[in-house]
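The file final.cif comes next; it holds mmCIF, C-alpha atoms.
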```cif
data_my_file
loop_
_atom_site.group_PDB
_atom_site.id
_atom_site.type_symbol
_atom_site.label_atom_id
_atom_site.label_comp_id
_atom_site.auth_asym_id
_atom_site.auth_seq_id
_atom_site.Cartn_x
_atom_site.Cartn_y
_atom_site.Cartn_z
ATOM 1 C CA MET A 1 -164.876 -168.059 -80.258
ATOM 2 C CA LYS A 2 -162.709 -165.300 -81.728
ATOM 3 C CA PHE A 3 -165.125 -162.740 -80.240
ATOM 4 C CA THR A 4 -163.872 -163.611 -76.750
ATOM 5 C CA LEU A 5 -160.500 -162.058 -77.660
ATOM 6 C CA ILE A 6 -161.737 -158.799 -79.224
ATOM 7 C CA ASN A 7 -161.344 -155.853 -76.853
ATOM 8 C CA ASN A 8 -164.228 -153.672 -77.969
ATOM 9 C CA ILE A 9 -166.911 -155.671 -79.712
ATOM 10 C CA GLN A 10 -169.124 -152.639 -80.179
ATOM 11 C CA ASN A 11 -166.528 -151.078 -82.482
ATOM 12 C CA ASP A 12 -166.216 -154.267 -84.476
ATOM 13 C CA LYS A 13 -169.461 -153.879 -86.407
ATOM 14 C CA ALA A 14 -169.172 -157.150 -88.311
ATOM 15 C CA MET A 15 -168.546 -159.257 -85.185
ATOM 16 C CA SER A 16 -171.285 -157.416 -83.279
ATOM 17 C CA LEU A 17 -173.756 -158.103 -86.098
ATOM 18 C CA ILE A 18 -172.750 -161.771 -86.308
ATOM 19 C CA LEU A 19 -173.290 -162.213 -82.569
ATOM 20 C CA LYS A 20 -176.671 -160.459 -82.715
ATOM 21 C CA GLY A 21 -177.718 -162.732 -85.561
ATOM 22 C CA PHE A 22 -176.603 -165.756 -83.589
ATOM 23 C CA LEU A 23 -178.513 -164.554 -80.505
ATOM 24 C CA VAL A 24 -181.677 -164.258 -82.618
ATOM 25 C CA PHE A 25 -181.204 -167.873 -83.696
ATOM 26 C CA ILE A 26 -180.726 -169.071 -80.117
ATOM 27 C CA LEU A 27 -183.880 -167.190 -79.108
ATOM 28 C CA LEU A 28 -185.799 -168.789 -81.983
ATOM 29 C CA TYR A 29 -184.471 -172.192 -80.960
ATOM 30 C CA LEU A 30 -185.574 -171.757 -77.334
ATOM 31 C CA ILE A 31 -189.061 -170.579 -78.325
ATOM 32 C CA SER A 32 -189.394 -173.421 -80.846
ATOM 33 C CA ASP A 33 -188.106 -175.877 -78.244
ATOM 34 C CA ILE A 34 -190.925 -174.907 -75.860
ATOM 35 C CA LEU A 35 -193.527 -175.142 -78.648
ATOM 36 C CA VAL A 36 -192.289 -178.533 -79.874
ATOM 37 C CA MET A 37 -192.008 -179.870 -76.335
ATOM 38 C CA ASN A 38 -195.570 -178.675 -75.715
ATOM 39 C CA SER A 39 -196.802 -180.652 -78.730
ATOM 40 C CA TYR A 40 -194.819 -183.851 -78.459
ATOM 41 C CA PHE A 41 -193.613 -184.252 -74.885
ATOM 42 C CA GLY A 42 -195.509 -181.869 -72.647
ATOM 43 C CA ILE A 43 -194.565 -178.856 -70.582
ATOM 44 C CA SER A 44 -196.942 -179.337 -67.667
ATOM 45 C CA ILE A 45 -196.706 -181.939 -64.912
ATOM 46 C CA ASP A 46 -199.753 -183.836 -66.187
ATOM 47 C CA SER A 47 -198.791 -183.840 -69.855
ATOM 48 C CA VAL A 48 -195.196 -184.952 -69.188
ATOM 49 C CA ALA A 49 -196.443 -187.682 -66.852
ATOM 50 C CA ILE A 50 -198.880 -188.923 -69.527
ATOM 51 C CA THR A 51 -196.088 -188.958 -72.159
ATOM 52 C CA LEU A 52 -193.726 -190.891 -69.901
ATOM 53 C CA PHE A 53 -196.124 -193.279 -68.181
ATOM 54 C CA GLY A 54 -199.179 -193.348 -70.453
ATOM 55 C CA ASN A 55 -202.787 -193.183 -69.338
ATOM 56 C CA GLU A 56 -204.961 -196.289 -69.098
ATOM 57 C CA GLU A 57 -208.222 -194.332 -69.096
ATOM 58 C CA GLU A 58 -207.330 -192.619 -72.365
ATOM 59 C CA TYR A 59 -205.661 -195.781 -73.789
ATOM 60 C CA LEU A 60 -202.325 -193.982 -74.149
ATOM 61 C CA ASP A 61 -199.174 -196.151 -74.119
ATOM 62 C CA PRO A 62 -196.161 -195.116 -72.055
ATOM 63 C CA MET A 63 -193.035 -193.942 -73.840
ATOM 64 C CA ASN A 64 -190.793 -196.897 -74.659
ATOM 65 C CA GLU A 65 -187.314 -196.969 -73.147
ATOM 66 C CA ALA A 66 -185.393 -196.757 -76.428
ATOM 67 C CA ALA A 67 -187.359 -193.682 -77.531
ATOM 68 C CA PHE A 68 -186.855 -192.078 -74.136
ATOM 69 C CA LEU A 69 -183.099 -192.701 -74.126
ATOM 70 C CA GLU A 70 -182.741 -191.295 -77.659
ATOM 71 C CA PHE A 71 -184.744 -188.219 -76.662
ATOM 72 C CA TRP A 72 -182.650 -187.700 -73.512
ATOM 73 C CA HIS A 73 -179.365 -188.223 -75.387
ATOM 74 C CA THR A 74 -180.330 -185.680 -78.066
ATOM 75 C CA GLN A 75 -181.513 -183.153 -75.486
ATOM 76 C CA ILE A 76 -178.184 -183.310 -73.628
ATOM 77 C CA PHE A 77 -176.220 -182.580 -76.786
ATOM 78 C CA PHE A 78 -178.336 -179.654 -77.993
ATOM 79 C CA ILE A 79 -178.570 -178.061 -74.552
ATOM 80 C CA MET A 80 -174.817 -178.294 -73.895
ATOM 81 C CA MET A 81 -173.881 -176.742 -77.237
ATOM 82 C CA ILE A 82 -176.451 -173.960 -77.038
ATOM 83 C CA LEU A 83 -175.656 -173.040 -73.463
ATOM 84 C CA LEU A 84 -171.899 -173.050 -74.047
ATOM 85 C CA THR A 85 -172.163 -170.611 -76.964
ATOM 86 C CA LEU A 86 -174.817 -168.422 -75.361
ATOM 87 C CA ASN A 87 -172.885 -168.260 -72.122
ATOM 88 C CA ALA A 88 -169.657 -167.374 -73.943
ATOM 89 C CA ILE A 89 -171.363 -164.364 -75.546
ATOM 90 C CA PHE A 90 -173.018 -163.361 -72.270
ATOM 91 C CA ILE A 91 -169.747 -163.531 -70.325
ATOM 92 C CA ARG A 92 -168.023 -161.439 -72.984
ATOM 93 C CA VAL A 93 -170.553 -158.591 -72.881
ATOM 94 C CA ALA A 94 -171.869 -158.643 -69.308
ATOM 95 C CA ASN A 95 -170.357 -156.426 -66.637
ATOM 96 C CA ARG A 96 -171.628 -158.082 -63.495
ATOM 97 C CA SER A 97 -173.560 -161.107 -62.172
ATOM 98 C CA ARG A 98 -171.792 -163.242 -64.773
ATOM 99 C CA ASN A 99 -170.949 -166.086 -62.424
ATOM 100 C CA ILE A 100 -174.313 -166.016 -60.639
ATOM 101 C CA LEU A 101 -176.281 -166.241 -63.877
ATOM 102 C CA THR A 102 -173.895 -168.809 -65.351
ATOM 103 C CA ASN A 103 -174.366 -171.004 -62.285
ATOM 104 C CA LEU A 104 -178.130 -170.493 -62.324
ATOM 105 C CA LEU A 105 -178.377 -171.366 -66.025
ATOM 106 C CA MET A 106 -176.066 -174.369 -66.021
ATOM 107 C CA ILE A 107 -177.181 -175.912 -62.730
ATOM 108 C CA ASN A 108 -180.851 -175.739 -63.716
ATOM 109 C CA ALA A 109 -180.148 -177.152 -67.191
ATOM 110 C CA LEU A 110 -178.079 -179.971 -65.686
ATOM 111 C CA LEU A 111 -180.694 -180.706 -63.052
ATOM 112 C CA SER A 112 -183.473 -180.801 -65.649
ATOM 113 C CA LEU A 113 -181.461 -183.392 -67.597
ATOM 114 C CA VAL A 114 -180.880 -185.418 -64.424
ATOM 115 C CA PHE A 115 -184.489 -185.205 -63.202
ATOM 116 C CA LEU A 116 -185.809 -186.482 -66.533
ATOM 117 C CA PRO A 117 -184.362 -190.028 -66.285
ATOM 118 C CA LEU A 118 -185.039 -190.032 -62.541
ATOM 119 C CA ALA A 119 -188.708 -189.386 -63.351
ATOM 120 C CA PHE A 120 -188.730 -192.119 -66.005
ATOM 121 C CA TYR A 121 -186.927 -194.796 -63.985
ATOM 122 C CA LEU A 122 -187.500 -193.947 -60.332
ATOM 123 C CA SER A 123 -190.465 -191.803 -59.424
ATOM 124 C CA ALA A 124 -193.111 -189.629 -61.063
ATOM 125 C CA SER A 125 -192.486 -187.019 -58.381
ATOM 126 C CA PHE A 126 -189.366 -185.909 -60.295
ATOM 127 C CA VAL A 127 -191.590 -184.677 -63.152
ATOM 128 C CA ALA A 128 -192.454 -181.519 -61.204
ATOM 129 C CA LEU A 129 -188.779 -180.829 -60.516
ATOM 130 C CA TYR A 130 -188.021 -181.400 -64.197
ATOM 131 C CA ILE A 131 -190.678 -178.854 -65.230
ATOM 132 C CA ILE A 132 -189.417 -176.253 -62.731
ATOM 133 C CA THR A 133 -185.767 -176.571 -63.789
ATOM 134 C CA PHE A 134 -186.712 -176.750 -67.498
ATOM 135 C CA PHE A 135 -188.534 -173.412 -67.308
ATOM 136 C CA THR A 136 -185.930 -171.833 -65.041
ATOM 137 C CA TRP A 137 -183.060 -172.439 -67.447
ATOM 138 C CA HIS A 138 -185.176 -171.332 -70.417
ATOM 139 C CA ILE A 139 -186.104 -168.073 -68.647
ATOM 140 C CA VAL A 140 -182.492 -167.404 -67.607
ATOM 141 C CA ALA A 141 -181.286 -168.158 -71.148
ATOM 142 C CA ILE A 142 -183.859 -165.795 -72.672
ATOM 143 C CA TYR A 143 -182.836 -163.096 -70.181
ATOM 144 C CA MET A 144 -179.181 -163.622 -71.171
ATOM 145 C CA ILE A 145 -180.082 -163.260 -74.855
ATOM 146 C CA PHE A 146 -181.911 -159.958 -74.349
ATOM 147 C CA TYR A 147 -179.243 -158.644 -71.992
ATOM 148 C CA SER A 148 -176.453 -159.557 -74.438
ATOM 149 C CA PHE A 149 -178.382 -157.961 -77.282
ATOM 150 C CA TRP A 150 -178.784 -154.777 -75.263
ATOM 151 C CA ARG A 151 -175.103 -154.751 -74.292
ATOM 152 C CA LEU A 152 -174.018 -155.259 -77.891
ATOM 153 C CA ASN A 153 -175.927 -152.081 -78.733
ATOM 154 C CA ALA A 154 -174.277 -150.153 -75.890
ATOM 155 C CA LYS A 155 -171.503 -147.692 -76.720
ATOM 156 C CA ILE A 156 -168.659 -149.402 -74.863
ATOM 157 C CA VAL A 157 -168.495 -153.129 -74.157
ATOM 158 C CA MET B 1 -158.546 -167.058 -69.218
ATOM 159 C CA GLN B 2 -161.310 -165.259 -67.293
ATOM 160 C CA LYS B 3 -162.802 -166.974 -64.265
ATOM 161 C CA SER B 4 -166.262 -166.889 -65.862
ATOM 162 C CA TYR B 5 -165.031 -168.691 -68.970
ATOM 163 C CA LYS B 6 -163.381 -171.316 -66.796
ATOM 164 C CA LEU B 7 -166.676 -171.806 -64.989
ATOM 165 C CA SER B 8 -168.497 -172.144 -68.298
ATOM 166 C CA ILE B 9 -166.009 -174.762 -69.547
ATOM 167 C CA LEU B 10 -166.275 -176.719 -66.293
ATOM 168 C CA TYR B 11 -170.029 -176.932 -66.763
ATOM 169 C CA TYR B 12 -169.440 -177.997 -70.362
ATOM 170 C CA LEU B 13 -167.295 -180.855 -69.060
ATOM 171 C CA VAL B 14 -170.104 -181.959 -66.736
ATOM 172 C CA PHE B 15 -172.505 -181.923 -69.709
ATOM 173 C CA THR B 16 -169.963 -183.985 -71.652
ATOM 174 C CA LEU B 17 -169.864 -186.614 -68.912
ATOM 175 C CA LEU B 18 -173.666 -186.685 -68.876
ATOM 176 C CA LEU B 19 -173.674 -187.125 -72.669
ATOM 177 C CA ILE B 20 -171.186 -189.994 -72.392
ATOM 178 C CA SER B 21 -173.305 -191.646 -69.692
ATOM 179 C CA SER B 22 -176.407 -191.410 -71.861
ATOM 180 C CA ALA B 23 -174.440 -192.794 -74.849
ATOM 181 C CA ILE B 24 -173.314 -195.840 -72.819
ATOM 182 C CA ILE B 25 -176.851 -196.500 -71.522
ATOM 183 C CA LEU B 26 -178.311 -196.098 -75.016
ATOM 184 C CA PHE B 27 -175.674 -198.349 -76.603
ATOM 185 C CA GLU B 28 -176.236 -201.023 -73.958
ATOM 186 C CA HIS B 29 -180.007 -200.825 -74.384
ATOM 187 C CA LYS B 30 -180.148 -200.813 -78.190
ATOM 188 C CA ILE B 31 -177.097 -202.847 -79.193
ATOM 189 C CA GLY B 32 -175.332 -204.465 -76.240
ATOM 190 C CA PHE B 33 -171.674 -204.778 -75.402
ATOM 191 C CA SER B 34 -170.915 -208.284 -76.702
ATOM 192 C CA PHE B 35 -169.566 -209.237 -80.136
ATOM 193 C CA THR B 36 -172.711 -211.311 -80.832
ATOM 194 C CA SER B 37 -175.139 -208.562 -79.855
ATOM 195 C CA VAL B 38 -173.355 -206.043 -82.103
ATOM 196 C CA LEU B 39 -173.460 -208.503 -85.009
ATOM 197 C CA GLU B 40 -177.134 -209.292 -84.403
ATOM 198 C CA TYR B 41 -178.054 -205.618 -84.239
ATOM 199 C CA TYR B 42 -176.530 -204.955 -87.658
ATOM 200 C CA ILE B 43 -176.898 -208.179 -89.647
ATOM 201 C CA GLY B 44 -180.052 -209.390 -87.872
ATOM 202 C CA ASN B 45 -181.122 -212.714 -86.389
ATOM 203 C CA GLU B 46 -184.149 -214.560 -87.787
ATOM 204 C CA GLU B 47 -184.599 -216.719 -84.684
ATOM 205 C CA LYS B 48 -184.812 -213.644 -82.468
ATOM 206 C CA PHE B 49 -186.836 -211.673 -85.055
ATOM 207 C CA ILE B 50 -184.146 -209.000 -85.293
ATOM 208 C CA PRO B 51 -184.246 -207.405 -88.765
ATOM 209 C CA ALA B 52 -181.003 -206.828 -90.656
ATOM 210 C CA GLN B 53 -180.007 -203.229 -91.294
ATOM 211 C CA SER B 54 -179.219 -201.803 -94.718
ATOM 212 C CA THR B 55 -176.298 -199.529 -95.583
ATOM 213 C CA LEU B 56 -178.716 -196.669 -96.246
ATOM 214 C CA GLY B 57 -180.507 -197.282 -92.946
ATOM 215 C CA ILE B 58 -177.201 -197.080 -91.113
ATOM 216 C CA LEU B 59 -176.226 -193.957 -93.032
ATOM 217 C CA LYS B 60 -179.439 -192.318 -91.801
ATOM 218 C CA ILE B 61 -178.498 -193.123 -88.186
ATOM 219 C CA ILE B 62 -174.872 -192.046 -88.473
ATOM 220 C CA LEU B 63 -175.581 -188.843 -90.396
ATOM 221 C CA PRO B 64 -176.132 -186.620 -87.319
ATOM 222 C CA HIS B 65 -173.348 -188.470 -85.485
ATOM 223 C CA ILE B 66 -170.786 -187.515 -88.134
ATOM 224 C CA PHE B 67 -171.374 -183.849 -87.360
ATOM 225 C CA VAL B 68 -171.798 -184.317 -83.603
ATOM 226 C CA PHE B 69 -168.650 -186.426 -83.095
ATOM 227 C CA GLY B 70 -166.614 -183.907 -85.079
ATOM 228 C CA LEU B 71 -168.073 -180.959 -83.199
ATOM 229 C CA ILE B 72 -167.661 -182.446 -79.709
ATOM 230 C CA SER B 73 -164.069 -183.464 -80.485
ATOM 231 C CA MET B 74 -163.245 -180.082 -81.969
ATOM 232 C CA VAL B 75 -164.750 -178.084 -79.094
ATOM 233 C CA LEU B 76 -163.016 -180.114 -76.379
ATOM 234 C CA LEU B 77 -159.687 -180.311 -78.200
ATOM 235 C CA HIS B 78 -159.624 -176.619 -79.032
ATOM 236 C CA PHE B 79 -159.888 -175.787 -75.318
ATOM 237 C CA ILE B 80 -156.614 -177.719 -74.878
ATOM 238 C CA VAL B 81 -154.961 -174.999 -76.976
ATOM 239 C CA PHE B 82 -155.548 -172.578 -74.081
ATOM 240 C CA THR B 83 -153.740 -174.844 -71.598
ATOM 241 C CA ASN B 84 -150.106 -175.803 -70.939
ATOM 242 C CA HIS B 85 -150.617 -178.970 -73.000
ATOM 243 C CA ARG B 86 -150.624 -176.989 -76.226
ATOM 244 C CA GLU B 87 -146.921 -177.432 -77.003
ATOM 245 C CA LYS B 88 -146.712 -181.121 -76.089
ATOM 246 C CA LYS B 89 -146.247 -183.754 -78.766
ATOM 247 C CA ALA B 90 -148.668 -186.020 -76.876
ATOM 248 C CA THR B 91 -151.418 -183.490 -77.560
ATOM 249 C CA LEU B 92 -150.954 -183.893 -81.311
ATOM 250 C CA ILE B 93 -151.155 -187.679 -80.926
ATOM 251 C CA LEU B 94 -154.273 -187.270 -78.787
ATOM 252 C CA ILE B 95 -155.892 -185.127 -81.495
ATOM 253 C CA TYR B 96 -155.099 -187.730 -84.174
ATOM 254 C CA VAL B 97 -156.342 -190.732 -82.194
ATOM 255 C CA THR B 98 -159.508 -188.955 -81.061
ATOM 256 C CA PHE B 99 -160.575 -188.150 -84.616
ATOM 257 C CA ILE B 100 -159.488 -191.581 -85.953
ATOM 258 C CA THR B 101 -161.425 -193.528 -83.289
ATOM 259 C CA ALA B 102 -164.449 -191.285 -83.910
ATOM 260 C CA ILE B 103 -164.321 -192.132 -87.631
ATOM 261 C CA LEU B 104 -163.948 -195.854 -86.888
ATOM 262 C CA GLU B 105 -166.828 -195.781 -84.411
ATOM 263 C CA ILE B 106 -169.102 -194.097 -86.914
ATOM 264 C CA PHE B 107 -168.285 -196.033 -90.092
ATOM 265 C CA THR B 108 -167.621 -199.615 -88.909
ATOM 266 C CA PRO B 109 -171.373 -200.522 -89.014
ATOM 267 C CA ILE B 110 -171.288 -200.027 -92.803
ATOM 268 C CA LEU B 111 -168.466 -202.582 -93.027
ATOM 269 C CA ILE B 112 -170.307 -204.978 -90.688
ATOM 270 C CA VAL B 113 -173.488 -205.078 -92.794
ATOM 271 C CA ASN B 114 -171.387 -205.604 -95.909
ATOM 272 C CA GLY B 115 -169.895 -208.860 -94.652
ATOM 273 C CA PHE B 116 -166.880 -207.788 -92.613
ATOM 274 C CA GLU B 117 -168.061 -209.262 -89.305
ATOM 275 C CA PHE B 118 -164.683 -208.779 -87.657
ATOM 276 C CA PHE B 119 -165.452 -205.058 -87.516
ATOM 277 C CA ALA B 120 -167.977 -205.727 -84.734
ATOM 278 C CA TYR B 121 -164.904 -205.937 -82.492
ATOM 279 C CA VAL B 122 -163.565 -202.708 -83.965
ATOM 280 C CA LYS B 123 -166.942 -201.050 -83.404
ATOM 281 C CA LEU B 124 -166.927 -201.986 -79.712
ATOM 282 C CA LEU B 125 -163.277 -201.093 -79.239
ATOM 283 C CA SER B 126 -163.569 -197.738 -81.017
ATOM 284 C CA PHE B 127 -166.746 -196.876 -79.076
ATOM 285 C CA PHE B 128 -165.009 -197.324 -75.735
ATOM 286 C CA LEU B 129 -161.731 -195.786 -76.898
ATOM 287 C CA PHE B 130 -163.486 -192.687 -78.214
ATOM 288 C CA LEU B 131 -165.342 -192.226 -74.931
ATOM 289 C CA LEU B 132 -162.119 -192.848 -73.047
ATOM 290 C CA PHE B 133 -160.317 -190.146 -75.033
ATOM 291 C CA ILE B 134 -163.182 -187.715 -74.437
ATOM 292 C CA VAL B 135 -163.008 -188.424 -70.697
ATOM 293 C CA TYR B 136 -159.214 -188.052 -70.765
ATOM 294 C CA ILE B 137 -159.416 -184.704 -72.612
ATOM 295 C CA SER B 138 -162.074 -183.583 -70.125
ATOM 296 C CA TRP B 139 -159.766 -184.579 -67.265
ATOM 297 C CA LEU B 140 -156.848 -182.636 -68.809
ATOM 298 C CA LEU B 141 -159.058 -179.561 -69.139
ATOM 299 C CA PHE B 142 -160.456 -179.945 -65.642
ATOM 300 C CA TYR B 143 -156.957 -180.289 -64.186
ATOM 301 C CA SER B 144 -155.631 -177.305 -66.146
ATOM 302 C CA ILE B 145 -158.541 -175.075 -65.188
ATOM 303 C CA THR B 146 -158.483 -176.079 -61.544
ATOM 304 C CA TYR B 147 -154.761 -176.332 -60.752
ATOM 305 C CA ASP B 148 -152.695 -174.490 -63.408
#
```
Written as structure tokens, that's how I'd like the structure from this file.
Amino acid sequence: MKFTLINNIQNDKAMSLILKGFLVFILLYLISDILVMNSYFGISIDSVAITLFGNEEEYLDPMNEAAFLEFWHTQIFFIMMILLTLNAIFIRVANRSRNILTNLLMINALLSLVFLPLAFYLSASFVALYIITFFTWHIVAIYMIFYSFWRLNAKIV
Amino acid sequence: MQKSYKLSILYYLVFTLLLISSAIILFEHKIGFSFTSVLEYYIGNEEKFIPAQSTLGILKIILPHIFVFGLISMVLLHFIVFTNHREKKATLILIYVTFITAILEIFTPILIVNGFEFFAYVKLLSFFLFLLFIVYISWLLFYSITYD
């Protein structure tokens, strides 16, 4: 987190390059996350519902509780680490709307992680809310990546 | 510290609490919180058809946890450096005990499957102590960010 203390990141070519490289990796992670989720968990209301609750007509078993809890636990860890680092870079380079976007990103990510177990244990209606918040935080995160990248290329940060 | 960074850290603390909650639910579901259930999970129980775990099997499970426990502890503890608690001797003790309980929590299953059944107690104790320290560090950070 040394970059948070540097006054003019743009002049520090090494640090600027490191952060850009890291942003590329976060972007690749987010894209891969959507692709993997699409294959193994689902990214639409129907596909997530089938993964969680199964489908008798297609002879698909529901997800077992242990597998679900492990998936949820892992998701929380990866999301919290990625969003903390991405947000730290964004806050450092952004001029305005920092708090609004931080709130939007974090609240949606948190809600998606809360709606997931609510969908599994309480009601299938939470699946839709999970999908909405999942895509919202991904879109905000991708916007933050591109914005940060653009700002790191600006003359004065 | 900038207001935006404080906001970001506060959200991180909420994520940490969510992670702890999921860890407790997962532990309760897979292992259980009694001495017997911890023993059965690791050394097995033929009557209940619970297979015994091998040292290598446990190593596979704890491998990601070694990195994750270290990272979570480091990230939370390093935020303490930015607060008024930095100079306190209690902070140094907190850093030591957090890392030591994390190591105990991670590696006691290897001792359990190799015949040291007493370490089932240590496993349970270190699990709760580690979570307690994480919650306490989170509270210190929350208090510092909000009131200092």
Proximity to chain A - best of B:Thr83, B:Ser144, B:Thr16, B:Asn45, only C-alpha atoms: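 Looking at the shortest contact to chain A, the residue is B:Thr16.
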The PyMOL selection byres ((chain A) within 8 of (chain B)) applied to the shown file, residues as a PDB file with C-alpha atoms, in the coordinates of the input:
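Wrote it out as part-v1.pdb, contents follow:
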```
ATOM      1  CA  ALA A  66    -185.393-196.757 -76.428  1.00  0.00           C
ATOM      2  CA  LEU A  69    -183.099-192.701 -74.126  1.00  0.00           C
ATOM      3  CA  GLU A  70    -182.741-191.295 -77.659  1.00  0.00           C
ATOM      4  CA  TRP A  72    -182.650-187.700 -73.512  1.00  0.00           C
ATOM      5  CA  HIS A  73    -179.365-188.223 -75.387  1.00  0.00           C
ATOM      6  CA  ILE A  76    -178.184-183.310 -73.628  1.00  0.00           C
ATOM      7  CA  PHE A  77    -176.220-182.580 -76.786  1.00  0.00           C
ATOM      8  CA  MET A  80    -174.817-178.294 -73.895  1.00  0.00           C
ATOM      9  CA  LEU A  84    -171.899-173.050 -74.047  1.00  0.00           C
ATOM     10  CA  ASN A  87    -172.885-168.260 -72.122  1.00  0.00           C
ATOM     11  CA  ALA A  88    -169.657-167.374 -73.943  1.00  0.00           C
ATOM     12  CA  ILE A  91    -169.747-163.531 -70.325  1.00  0.00           C
ATOM     13  CA  ARG A  98    -171.792-163.242 -64.773  1.00  0.00           C
ATOM     14  CA  ASN A  99    -170.949-166.086 -62.424  1.00  0.00           C
ATOM     15  CA  THR A 102    -173.895-168.809 -65.351  1.00  0.00           C
ATOM     16  CA  MET A 106    -176.066-174.369 -66.021  1.00  0.00           C
ATOM     17  CA  LEU A 110    -178.079-179.971 -65.686  1.00  0.00           C
TER      18      LEU A 110
END
```
Result set of the PyMOL selection byres ((chain A and resi 109) around 9) on the coordinates above, as a PyMOL selection string: chain A and resi 79-80+83+104-108+110-114+133-134+136-138
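Picture a line from CA of Ile100 in chain A to CA of Lys6 in chain B; it runs 13.6 Å.
Comparing B:Phe79, B:Leu140, B:Pro64, B:Ala90 by their smallest distance to Phe78 in chain A, the closest is B:Pro64 (using only C-alpha atoms).
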Residues within 10 Å of Tyr41 in chain B, only C-alpha atoms, excluding chain neighbours under 3 positions, as a list in words: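 My list of contacting residues is Lys30, Ile31, Gly32, Thr36, Ser37, Val38, Gly44, Asn45, Ile50, Pro51, Ala52, Gln53, Pro109 and Val113 of chain B.
The coordinates place CA of Ile100 in chain B at 14.2 Å from CA of Leu124 in chain B.
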Start from the incomplete input, build all heavy atoms for range 67-72 of chain B, and deliver everything as an mmCIF file, in the coordinates of the input.
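selection-v5.cif written:
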```cif
data_model
loop_
_atom_site.group_PDB
_atom_site.id
_atom_site.type_symbol
_atom_site.label_atom_id
_atom_site.label_comp_id
_atom_site.auth_asym_id
_atom_site.auth_seq_id
_atom_site.Cartn_x
_atom_site.Cartn_y
_atom_site.Cartn_z
ATOM 1 N N PHE B 67 -171.526 -185.256 -87.750
ATOM 2 C CA PHE B 67 -171.374 -183.849 -87.360
ATOM 3 C C PHE B 67 -171.106 -183.707 -85.853
ATOM 4 O O PHE B 67 -170.202 -182.981 -85.432
ATOM 5 C CB PHE B 67 -172.635 -183.077 -87.756
ATOM 6 C CG PHE B 67 -172.702 -181.692 -87.198
ATOM 7 C CD1 PHE B 67 -171.834 -180.705 -87.642
ATOM 8 C CD2 PHE B 67 -173.622 -181.363 -86.214
ATOM 9 C CE1 PHE B 67 -171.887 -179.426 -87.111
ATOM 10 C CE2 PHE B 67 -173.682 -180.087 -85.690
ATOM 11 C CZ PHE B 67 -172.811 -179.125 -86.129
ATOM 12 N N VAL B 68 -171.876 -184.453 -85.068
ATOM 13 C CA VAL B 68 -171.798 -184.317 -83.603
ATOM 14 C C VAL B 68 -170.439 -184.777 -83.067
ATOM 15 O O VAL B 68 -169.827 -184.091 -82.245
ATOM 16 C CB VAL B 68 -172.951 -185.104 -82.930
ATOM 17 C CG1 VAL B 68 -172.731 -185.209 -81.440
ATOM 18 C CG2 VAL B 68 -174.285 -184.448 -83.225
ATOM 19 N N PHE B 69 -169.948 -185.924 -83.554
ATOM 20 C CA PHE B 69 -168.650 -186.426 -83.095
ATOM 21 C C PHE B 69 -167.544 -185.421 -83.428
ATOM 22 O O PHE B 69 -166.656 -185.162 -82.616
ATOM 23 C CB PHE B 69 -168.334 -187.788 -83.747
ATOM 24 C CG PHE B 69 -168.939 -188.959 -83.025
ATOM 25 C CD1 PHE B 69 -170.240 -188.925 -82.560
ATOM 26 C CD2 PHE B 69 -168.205 -190.118 -82.816
ATOM 27 C CE1 PHE B 69 -170.810 -190.006 -81.904
ATOM 28 C CE2 PHE B 69 -168.763 -191.215 -82.162
ATOM 29 C CZ PHE B 69 -170.066 -191.159 -81.709
ATOM 30 N N GLY B 70 -167.613 -184.891 -84.651
ATOM 31 C CA GLY B 70 -166.614 -183.907 -85.079
ATOM 32 C C GLY B 70 -166.668 -182.657 -84.219
ATOM 33 O O GLY B 70 -165.635 -182.131 -83.780
ATOM 34 N N LEU B 71 -167.895 -182.193 -83.961
ATOM 35 C CA LEU B 71 -168.073 -180.959 -83.199
ATOM 36 C C LEU B 71 -167.606 -181.107 -81.749
ATOM 37 O O LEU B 71 -166.854 -180.270 -81.233
ATOM 38 C CB LEU B 71 -169.543 -180.531 -83.239
ATOM 39 C CG LEU B 71 -169.875 -179.181 -82.612
ATOM 40 C CD1 LEU B 71 -169.215 -178.046 -83.378
ATOM 41 C CD2 LEU B 71 -171.373 -178.958 -82.555
ATOM 42 N N ILE B 72 -168.056 -182.197 -81.116
ATOM 43 C CA ILE B 72 -167.661 -182.446 -79.709
ATOM 44 C C ILE B 72 -166.135 -182.544 -79.599
ATOM 45 O O ILE B 72 -165.523 -181.942 -78.711
ATOM 46 C CB ILE B 72 -168.306 -183.744 -79.190
ATOM 47 C CG1 ILE B 72 -169.810 -183.588 -79.080
ATOM 48 C CG2 ILE B 72 -167.673 -184.184 -77.860
ATOM 49 C CD1 ILE B 72 -170.345 -183.198 -77.748
#
```
